[in-house]
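For reference, the structure discussed in these notes is given below.
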Amino acid sequence: MIVRICGIWKLTVLGGLLLLGLPPVLAAQEASKDSKAAEAKSSDQKSTDQKPADASVPKEESSVTDHTIRIGGQTIAYKATAFTTLLKNEKDEPTAIIFSVAYTKSDVKDLSQRPIAFVYNGGPGSSSAWLHMGAFGPRRVSTPNAEAAPPPPYKVEDNANSLLDKTDLVFIDPVGTGYSHAVGKAQDKDFWGIDSDVKSFAQFINTYVTRNSRWNSPKFLIGESYGTFRSAALSNYLQSNNGMYLNGIVLMSTVLDLGTLSFNPGDDMPYIFYLPSYAATAWYHKVLEDRPADLNAFLADARHFASTEYASALMKGSKLPEEEKTAVVKKLARFTGLSEDYIRKANLRVNLPQFMAELQRSRGLTTGRLDARFSGAQIDLLAEYAAYDPQETAITGPFTAAVYSYVRDELKFSQDRKYEVLNEDANGEWDWKHHSGESHGFPGSPNVEGDLLRALVANPHLHVQAENGLFDLATPFFATEYTMDHLELPANLRSNISLEYYDAGHMMYLRDDSLAQLKANISAFMDQSEK
């Protein structure tokens, strides 16, 4: 079962199929009149256990420090503000404290000429520590490329590829992550769902923009993985409910239809979407018999095969002729590096945890998921499915240590409560229902393509750029290409969407060269979106 879309993934297997973790089904039971008081008392006790130390509503806090950084040959003076923002419901009752860090260029005379970007990771259940301390913040934790980091101390250094020369930045931690948490009568889980999450983000952004006189500034959303899913719904919500129009949306490692990532029974589409990413991974690890020199040409062939011969074979199901099946098996082996025998036993359908376990089994290695360039020791050489993601174990320690020490020591924001880098409970209890205004049958996989379509149609000056890692096995680039080609945009708006590619994984900024490329691409995108 996939239990995380972004940040760090954990894999388990349910009935041999890769499925998205779904929220538990809630059931109500009728009780007799005499037992209601006892049940209420038990419920109150459970609520207290789930949300300790939040009986009183805390005051908003902030810490402002002054800094300078050199980016692109210029020295930039900026203010770093680590702060909390109180959210309230329609009754003006406090519901949550949102922790965020804002970086604003000092001495800006006309704020309408200075862009602002709201930045967040995904999960669901991930803080913004990854993009904050790895990609766009002015300070960055240093990690080696595609291998495990050495033990502490970890080096935090100025980030020459920060976006601070182009835009002010606000890194947001969703409720239940970082130092953000529910207050008053609310519980963290009240914010754990597609729509409730979007509403809390919209309220925070609206509050920040109003308090800081940024309504007339060019505005951008930058989200990673589930953060891209959030951005699609959030952009539509901000425009339709708050009248807040955006200049651009940066989608990093995109998923707008969760069905494209889910290996569900009878659905062959994910196998098609993943094949080019399998091919890129096999190429990188040099397990192909006749490894081509040109990766991009090889991936073009993989895309064509996946969408034609392979798709046709899968569509035929059990009616696929043996001769045709044999030919497809041979081509799959050529593209994936897996043996013909393994592919035949899998009936042409190798799901992701199987691929991770099998690709480098002969070397005793498990292949990474978020970044397929990472490898780690295989715990059980007989296991059918990967037991873990080697990228997770390689980077969690450095990022966790960095965000703790940086926020306290450099930003001077001190809290004794735990900084939730990743919240497993939020992910497991997420409410996947989404009220998009469209209903044409039974509920399917969570999907926000319609939200992005409506945002683009309502605001024809809105631009979208999708960043794709070629070695990303969490959100495969071919699925993103398919999604963008099927948004049903009017012809005059199709050029508003652009795609960029990196020789890296899901978190492309972990590779220094790719981070520099990412910075250049987003900078150019912002320039274009402000015209």
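Labeling convention for the structure tokens: chains A, B, ... as they appear, residues from 1 per chain, ligands from 1 in order of appearance.
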
Which residues of segment 407-457 of chain A come within 10 Å of segment 79-88 of chain A, and what is each one's closest atom pair and distance in Å (one decimal), counting only C-alpha atoms, sorted by chain and residue number, as CSV?
residue,atom,partner,partner_atom,distance
A:Val407,CA,A:Ala82,CA,7.7
A:Arg408,CA,A:Ala82,CA,9.8
A:Glu410,CA,A:Ala80,CA,9.5
A:Leu411,CA,A:Ala82,CA,6.6
A:Lys412,CA,A:Ala82,CA,8.1
A:Phe413,CA,A:Ala82,CA,6.3
A:Ser414,CA,A:Ala82,CA,9.8

List as a tab-separated table every residue of segment 492-518 of chain A that is in contact with segment 124-140 of chain A, defined as an atom at most 12 Å from one of its atoms (using only C-alpha atoms), together with the nearest atom pair and the distance in Å rounded to one decimal, sorted by chain and then rising number.
residue	atom	partner	partner_atom	distance
A:His506	CA	A:Trp130	CA	11.5
A:Met507	CA	A:Trp130	CA	8.5
A:Met508	CA	A:Ala135	CA	8.8
A:Tyr509	CA	A:Ala135	CA	5.6
A:Leu510	CA	A:Gly134	CA	6.9
A:Arg511	CA	A:Gly134	CA	10.0
A:Asp512	CA	A:Ala135	CA	9.7
A:Asp513	CA	A:Ala135	CA	11.9
A:Ser514	CA	A:Ala135	CA	10.3
A:Leu515	CA	A:Ala135	CA	6.9
A:Ala516	CA	A:Ala135	CA	9.6
A:Gln517	CA	A:Ala135	CA	11.4
A:Leu518	CA	A:Ala135	CA	8.9

### Query
Taking the backbone alone, and naming residues the way the document does, which bits of segment 436-495 of chain A are strand (DSSP E or B) by DSSP, as a count of residues only?
8

Enumerate, in order of chain and increasing residue number, the residues of segment 296-352 of chain A with an atom no farther than 8 Å from segment 281-290 of chain A, each with its shortest atom pair and distance in Å to one decimal, counting only C-alpha atoms, as JSON lines.
{"residue": "A:Arg334", "atom": "CA", "partner": "A:Leu288", "partner_atom": "CA", "distance": 6.7}
{"residue": "A:Phe335", "atom": "CA", "partner": "A:Leu288", "partner_atom": "CA", "distance": 7.5}
{"residue": "A:Thr336", "atom": "CA", "partner": "A:Ala282", "partner_atom": "CA", "distance": 5.6}
{"residue": "A:Gly337", "atom": "CA", "partner": "A:Leu288", "partner_atom": "CA", "distance": 4.9}

Mind dumping the selected residues with all heavy atoms as a PDB file, in the first residue's frame?
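Saved result, again_0.pdb, follows:
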ATOM      1  N   ARG A 334      13.719  -5.663 -23.037  1.00  0.00           N
ATOM      2  CA  ARG A 334      14.693  -4.719 -23.611  1.00  0.00           C
ATOM      3  C   ARG A 334      14.599  -3.359 -22.934  1.00  0.00           C
ATOM      4  O   ARG A 334      15.613  -2.717 -22.650  1.00  0.00           O
ATOM      5  CB  ARG A 334      14.440  -4.573 -25.109  1.00  0.00           C
ATOM      6  CG  ARG A 334      15.280  -3.469 -25.751  1.00  0.00           C
ATOM      7  CD  ARG A 334      14.921  -3.219 -27.214  1.00  0.00           C
ATOM      8  NE  ARG A 334      15.506  -1.961 -27.661  1.00  0.00           N
ATOM      9  CZ  ARG A 334      14.834  -0.923 -28.152  1.00  0.00           C
ATOM     10  NH1 ARG A 334      13.524  -1.020 -28.264  1.00  0.00           N
ATOM     11  NH2 ARG A 334      15.434   0.179 -28.521  1.00  0.00           N
ATOM     12  N   PHE A 335      13.378  -2.907 -22.644  1.00  0.00           N
ATOM     13  CA  PHE A 335      13.201  -1.577 -22.065  1.00  0.00           C
ATOM     14  C   PHE A 335      13.404  -1.547 -20.555  1.00  0.00           C
ATOM     15  O   PHE A 335      13.842  -0.517 -20.017  1.00  0.00           O
ATOM     16  CB  PHE A 335      11.808  -1.036 -22.389  1.00  0.00           C
ATOM     17  CG  PHE A 335      11.667  -0.509 -23.786  1.00  0.00           C
ATOM     18  CD1 PHE A 335      10.846  -1.146 -24.711  1.00  0.00           C
ATOM     19  CD2 PHE A 335      12.356   0.629 -24.184  1.00  0.00           C
ATOM     20  CE1 PHE A 335      10.717  -0.651 -26.002  1.00  0.00           C
ATOM     21  CE2 PHE A 335      12.233   1.125 -25.478  1.00  0.00           C
ATOM     22  CZ  PHE A 335      11.420   0.485 -26.391  1.00  0.00           C
ATOM     23  N   THR A 336      13.086  -2.620 -19.852  1.00  0.00           N
ATOM     24  CA  THR A 336      13.095  -2.585 -18.385  1.00  0.00           C
ATOM     25  C   THR A 336      14.302  -3.237 -17.741  1.00  0.00           C
ATOM     26  O   THR A 336      14.556  -3.009 -16.552  1.00  0.00           O
ATOM     27  CB  THR A 336      11.845  -3.277 -17.822  1.00  0.00           C
ATOM     28  OG1 THR A 336      11.885  -4.677 -18.168  1.00  0.00           O
ATOM     29  CG2 THR A 336      10.573  -2.654 -18.387  1.00  0.00           C
ATOM     30  N   GLY A 337      15.034  -4.075 -18.491  1.00  0.00           N
ATOM     31  CA  GLY A 337      16.156  -4.784 -17.896  1.00  0.00           C
ATOM     32  C   GLY A 337      15.744  -5.997 -17.085  1.00  0.00           C
ATOM     33  O   GLY A 337      16.589  -6.686 -16.512  1.00  0.00           O
TER      34      GLY A 337
END

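The two atoms in question, atom CA of Thr65 of chain A and atom CA of Ser162 of chain A, are spaced 17.7 Å apart.
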
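Our summary of the geometry notes that atom CA of Val448 of chain A is positioned 18.7 Å from atom CA of Asn242 of chain A.
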
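Minimum atom-to-atom distances from A:Asp431, A:Glu324, A:Asp268, A:Asp188 to Ala311 of chain A were compared using only C-alpha atoms, and the lowest value belongs to A:Asp268.
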